[in-house]
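> Dropping in structure.csv, which is CSV, C-alpha atoms:
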chain,number,residue,atom,x,y,z
A,158,MET,CA,114.7,80.2,88.4
A,159,LEU,CA,114.9,79.4,92.1
A,160,ILE,CA,112.3,81.2,94.1
A,161,GLU,CA,112.1,80.8,97.9
A,162,ILE,CA,108.8,81.5,99.6
A,163,ARG,CA,109.0,82.2,103.4
A,164,HIS,CA,107.5,84.1,106.2
A,165,ALA,CA,108.8,87.6,106.8
A,166,THR,CA,110.7,88.2,110.0
A,167,ALA,CA,111.1,91.4,112.0
A,168,GLU,CA,114.4,92.0,110.1
A,169,ASP,CA,112.5,91.9,106.8
A,170,ILE,CA,109.9,94.7,107.6
A,171,SER,CA,111.9,97.6,106.2
A,172,ARG,CA,112.4,95.7,102.9
A,173,VAL,CA,108.7,94.9,102.9
A,174,VAL,CA,107.7,98.6,103.5
A,175,ASN,CA,110.1,99.7,100.7
A,176,PHE,CA,108.8,97.1,98.3
A,177,TYR,CA,105.2,98.2,98.9
A,178,ALA,CA,106.2,101.9,98.7
A,179,GLU,CA,107.8,101.3,95.3
A,180,ARG,CA,104.5,99.9,94.1
A,181,ARG,CA,102.5,102.7,95.7
A,182,TYR,CA,100.7,100.4,98.1
A,183,GLY,CA,99.8,102.4,101.2
A,184,GLY,CA,97.8,99.8,103.2
A,185,GLY,CA,100.4,99.3,105.8
A,186,ILE,CA,101.4,96.2,107.8
A,187,ARG,CA,100.4,95.3,111.3
A,188,PRO,CA,102.6,93.3,113.6
A,189,GLU,CA,100.0,90.5,113.8
A,190,ASP,CA,99.8,90.1,110.0
A,191,ALA,CA,101.3,87.0,108.4
A,192,VAL,CA,103.6,88.3,105.6
A,193,LEU,CA,104.9,85.9,103.0
A,194,LEU,CA,107.9,86.8,100.8
A,195,ALA,CA,109.1,85.5,97.5
A,196,GLU,CA,112.8,85.9,97.0
A,197,HIS,CA,115.2,85.2,94.1
A,198,ASP,CA,118.9,85.2,95.0
A,199,GLY,CA,118.1,87.3,98.1
A,200,GLU,CA,116.1,89.9,96.1
A,201,LEU,CA,112.5,90.5,97.2
A,202,VAL,CA,110.4,89.8,94.2
A,203,GLY,CA,106.9,89.2,95.7
A,204,ILE,CA,104.8,89.7,98.8
A,205,VAL,CA,101.4,88.9,100.1
A,206,ARG,CA,99.9,89.4,103.6
A,207,LEU,CA,97.2,87.7,105.4
A,208,THR,CA,95.4,89.6,108.1
A,209,ALA,CA,92.4,89.2,110.4
A,210,GLU,CA,90.0,92.1,110.2
A,211,GLU,CA,86.6,92.3,112.0
A,212,GLY,CA,86.5,88.5,112.6
A,213,VAL,CA,87.4,87.3,109.1
A,214,PHE,CA,90.7,86.6,107.3
A,215,VAL,CA,91.6,89.0,104.4
A,216,LEU,CA,94.3,88.3,101.9
A,217,ARG,CA,95.8,91.7,101.1
A,218,ALA,CA,98.4,93.5,99.1
A,219,MET,CA,99.7,90.7,96.8
A,220,GLN,CA,102.4,92.3,94.7
A,221,VAL,CA,105.0,90.8,92.4
A,222,HIS,CA,107.8,92.9,91.0
A,223,PRO,CA,107.1,93.7,87.3
A,224,ARG,CA,110.3,92.0,86.1
A,225,PHE,CA,109.1,88.8,87.7
A,226,GLN,CA,105.4,88.8,86.8
A,227,ARG,CA,103.9,85.9,84.7
A,228,GLN,CA,106.5,83.5,86.0
A,229,GLY,CA,104.4,81.6,88.5
A,230,ILE,CA,105.4,83.6,91.6
A,231,GLY,CA,101.9,84.8,92.4
A,232,LYS,CA,100.6,81.2,92.1
A,233,ARG,CA,103.3,80.0,94.5
A,234,LEU,CA,102.5,82.8,97.0
A,235,LEU,CA,98.8,81.9,96.8
A,236,ALA,CA,99.5,78.2,97.2
A,237,THR,CA,101.4,79.0,100.4
A,238,VAL,CA,98.4,81.2,101.5
A,239,ALA,CA,96.1,78.3,100.9
A,240,GLN,CA,98.3,76.1,103.2
A,241,GLU,CA,98.3,78.9,105.9
A,242,LEU,CA,94.5,79.2,105.7
A,243,ASP,CA,93.9,75.4,105.9
A,244,ASP,CA,90.2,75.1,106.5
A,245,ARG,CA,89.5,78.7,107.3
A,246,GLY,CA,87.6,81.1,105.1
A,247,CYS,CA,89.1,84.3,103.6
A,248,TYR,CA,88.2,87.3,101.5
A,249,CYS,CA,90.2,89.4,99.0
A,250,ILE,CA,89.7,92.3,96.7
A,251,PRO,CA,91.8,91.6,93.6
A,252,TYR,CA,91.9,93.2,90.1
A,253,ALA,CA,89.2,91.6,88.0
A,254,HIS,CA,91.7,90.2,85.5
A,255,LEU,CA,93.2,88.0,88.3
A,256,VAL,CA,90.0,86.0,89.0
A,257,GLY,CA,91.6,82.9,87.5
A,258,LEU,CA,94.7,83.2,89.6
A,259,TYR,CA,92.8,83.5,92.8
A,260,GLY,CA,90.3,80.9,91.7
A,261,GLY,CA,93.3,78.5,91.6
A,262,ILE,CA,93.1,78.3,95.4
A,263,GLU,CA,89.3,78.2,95.5
A,264,PHE,CA,88.4,81.8,95.8
A,265,HIS,CA,85.2,82.7,93.9
A,266,VAL,CA,83.6,86.0,93.0
A,267,ILE,CA,80.8,87.1,95.3
A,268,GLU,CA,78.3,89.9,95.2
A,269,PRO,CA,79.5,92.9,97.3
A,270,ALA,CA,76.2,92.7,99.2
A,271,LYS,CA,77.3,89.3,100.6
A,272,ALA,CA,80.6,90.6,101.9
A,273,PRO,CA,81.2,92.2,105.3
A,274,THR,CA,80.4,95.9,105.3
A,275,PHE,CA,84.1,97.0,105.8
A,276,LEU,CA,85.0,95.2,102.6
A,277,ARG,CA,82.2,96.6,100.6
A,278,LEU,CA,83.3,100.1,101.7
A,279,ARG,CA,86.9,99.3,100.8
A,280,LEU,CA,85.8,98.0,97.3
A,281,GLU,CA,84.0,101.3,96.8
A,282,ARG,CA,87.1,103.3,97.7
A,283,TYR,CA,89.2,101.2,95.3
A,284,GLN,CA,86.6,101.7,92.5
A,285,ASP,CA,86.6,105.5,93.2
A,286,ARG,CA,90.3,105.8,92.6
A,287,GLY,CA,89.8,106.2,88.9
A,288,ASP,CA,92.9,104.2,88.1
A,289,GLY,CA,91.4,102.3,85.2
A,290,ASN,CA,91.4,99.0,87.1
A,291,GLU,CA,88.3,96.9,87.8
A,292,TYR,CA,88.1,95.4,91.3
A,293,LEU,CA,85.8,92.7,92.8
A,294,ILE,CA,85.3,90.8,96.0
A,295,MET,CA,86.2,87.1,96.3
A,296,ARG,CA,85.7,84.6,99.0
A,297,ARG,CA,87.4,81.3,99.8
A,298,GLU,CA,85.0,79.1,101.8
A,299,GLY,CA,86.2,77.6,105.1
A,300,VAL,CA,84.8,76.1,108.2
A,301,GLN,CA,86.5,78.3,110.8
A,302,GLU,CA,86.5,82.1,111.2
A,303,ALA,CA,89.5,84.2,111.9
A,304,PRO,CA,91.0,84.7,115.4
A,305,SER,CA,91.6,88.3,116.5
A,306,GLU,CA,95.1,88.1,115.1
A,307,VAL,CA,96.9,86.0,112.5
A,308,ARG,CA,100.4,85.8,114.1
A,309,ALA,CA,102.5,83.6,111.8
A,310,ASP,CA,105.3,81.3,112.9
A,311,THR,CA,108.1,83.3,111.3
A,312,SER,CA,110.7,80.6,112.1
A,313,ARG,CA,109.1,78.2,109.6
A,314,ILE,CA,110.2,78.4,105.9
A,315,SER,CA,107.8,77.2,103.3
Have the structure of the file written as structure tokens, please.

Amino acid sequence: MLIEIRHATAEDISRVVNFYAERRYGGGIRPEDAVLLAEHDGELVGIVRLTAEEGVFVLRAMQVHPRFQRQGIGKRLLATVAQELDDRGCYCIPYAHLVGLYGGIEFHVIEPAKAPTFLRLRLERYQDRGDGNEYLIMRREGVQEAPSEVRADTSRIS
């Protein structure tokens, strides 16, 4: 199966918003976020976004369409995120069962007390949902901190 991973453009935003809405993700997208798309024959099948929040990078809202899960799309999206991050650190709050997936690009589980306060509070909100999922905080070490915005080169195709 041919999957193309690329940066979202302004023309993609309505598709991205719809894709997230179908998966009940309400975190939103900011213009300065780097949004990576996975497409199969023009169909949007996966998304992840990289954002700068309070001086650190945060990987957010990785979603793969249920029909396309367990086919390596999440791994490919994360590999592209790792290239984007280069030598910069990053945090994420994944489902606990995805530790191995995120570990594949050098994220490791950290104690919530070692995370920035805004992420600890976000983790608590996720845990309070009562949705039956277990969440945790992971960090990918880096040597540089995040700029105030992520602004991706949307003309480049990965």
> What would the list of residues within 7 Å of (99.4, 93.3, 98.7) (file frame) look like as a list in words, if all atoms listed in the file are what count?
Ile204, Val205, Arg206, Arg217, Ala218, Met219 and Gln220 of chain A
> Record the distance separating atom CA of A:Pro251 and atom CA of A:Val266, expressed in Å with one decimal.
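Computing the Euclidean distance for atom CA of A:Pro251 and atom CA of A:Val266 yields 9.9 Å.
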> Calculated over all atoms listed in the file, which of the candidates A:Ile294, A:Leu258, A:Leu159, A:Val192 has the smallest distance to A:Ala236?
A:Leu258
> Which one is closest to A:Gln240: A:Ile267, A:Leu193, A:His222, A:Glu211? Count only C-alpha atoms.
A:Leu193
> Please provide the set of residues having any atom within 10 Å of stretch 181-188 of chain A, restricted to only C-alpha atoms, with same-chain residues fewer than 3 positions apart removed, written as a short mmCIF file (atom, residue, chain, number, x, y, z; two decimals) with C-alpha atoms, in the frame of the given file.

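Full text of around_27.cif as output:
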data_model
loop_
_atom_site.label_atom_id
_atom_site.label_comp_id
_atom_site.auth_asym_id
_atom_site.auth_seq_id
_atom_site.Cartn_x
_atom_site.Cartn_y
_atom_site.Cartn_z
CA ALA A 167 111.10 91.40 112.00
CA ILE A 170 109.90 94.70 107.60
CA VAL A 173 108.70 94.90 102.90
CA VAL A 174 107.70 98.60 103.50
CA ASN A 175 110.10 99.70 100.70
CA PHE A 176 108.80 97.10 98.30
CA TYR A 177 105.20 98.20 98.90
CA ALA A 178 106.20 101.90 98.70
CA ALA A 191 101.30 87.00 108.40
CA VAL A 192 103.60 88.30 105.60
CA ARG A 206 99.90 89.40 103.60
CA LEU A 207 97.20 87.70 105.40
CA THR A 208 95.40 89.60 108.10
CA ARG A 217 95.80 91.70 101.10
CA ALA A 218 98.40 93.50 99.10
CA MET A 219 99.70 90.70 96.80
CA GLN A 220 102.40 92.30 94.70
CA GLU A 306 95.10 88.10 115.10
CA VAL A 307 96.90 86.00 112.50
CA ARG A 308 100.40 85.80 114.10
CA ALA A 309 102.50 83.60 111.80
#
> At what distance in Å, to one decimal, does atom CA of A:Phe214 lie from atom CA of A:Tyr292?
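Rounded to one decimal, the two atoms are 18.4 Å apart.
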> As lines of an AutoDock Vina configuration file, please: the centre and edge lengths in Å, to one decimal, of an axis-aligned box enclosing every listed atom of stretch 244-248 of chain A with 4 Å added on each side.

center_x = 88.9
center_y = 81.2
center_z = 104.4
size_x = 10.6
size_y = 20.2
size_z = 13.8
> Give the answer as one residue: which of A:Asp169, A:Glu298, A:Glu281, A:Glu196 has the shortest atom-to-atom distance to A:Leu234, using only C-alpha atoms?
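Looking only at the distances to A:Leu234, the closest residue turns out to be A:Glu196.
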> How many Å lie between atom CA of A:Ile250 and atom CA of A:Leu293, rounded to one decimal?
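Rounded to one decimal, the two atoms are 5.5 Å apart.
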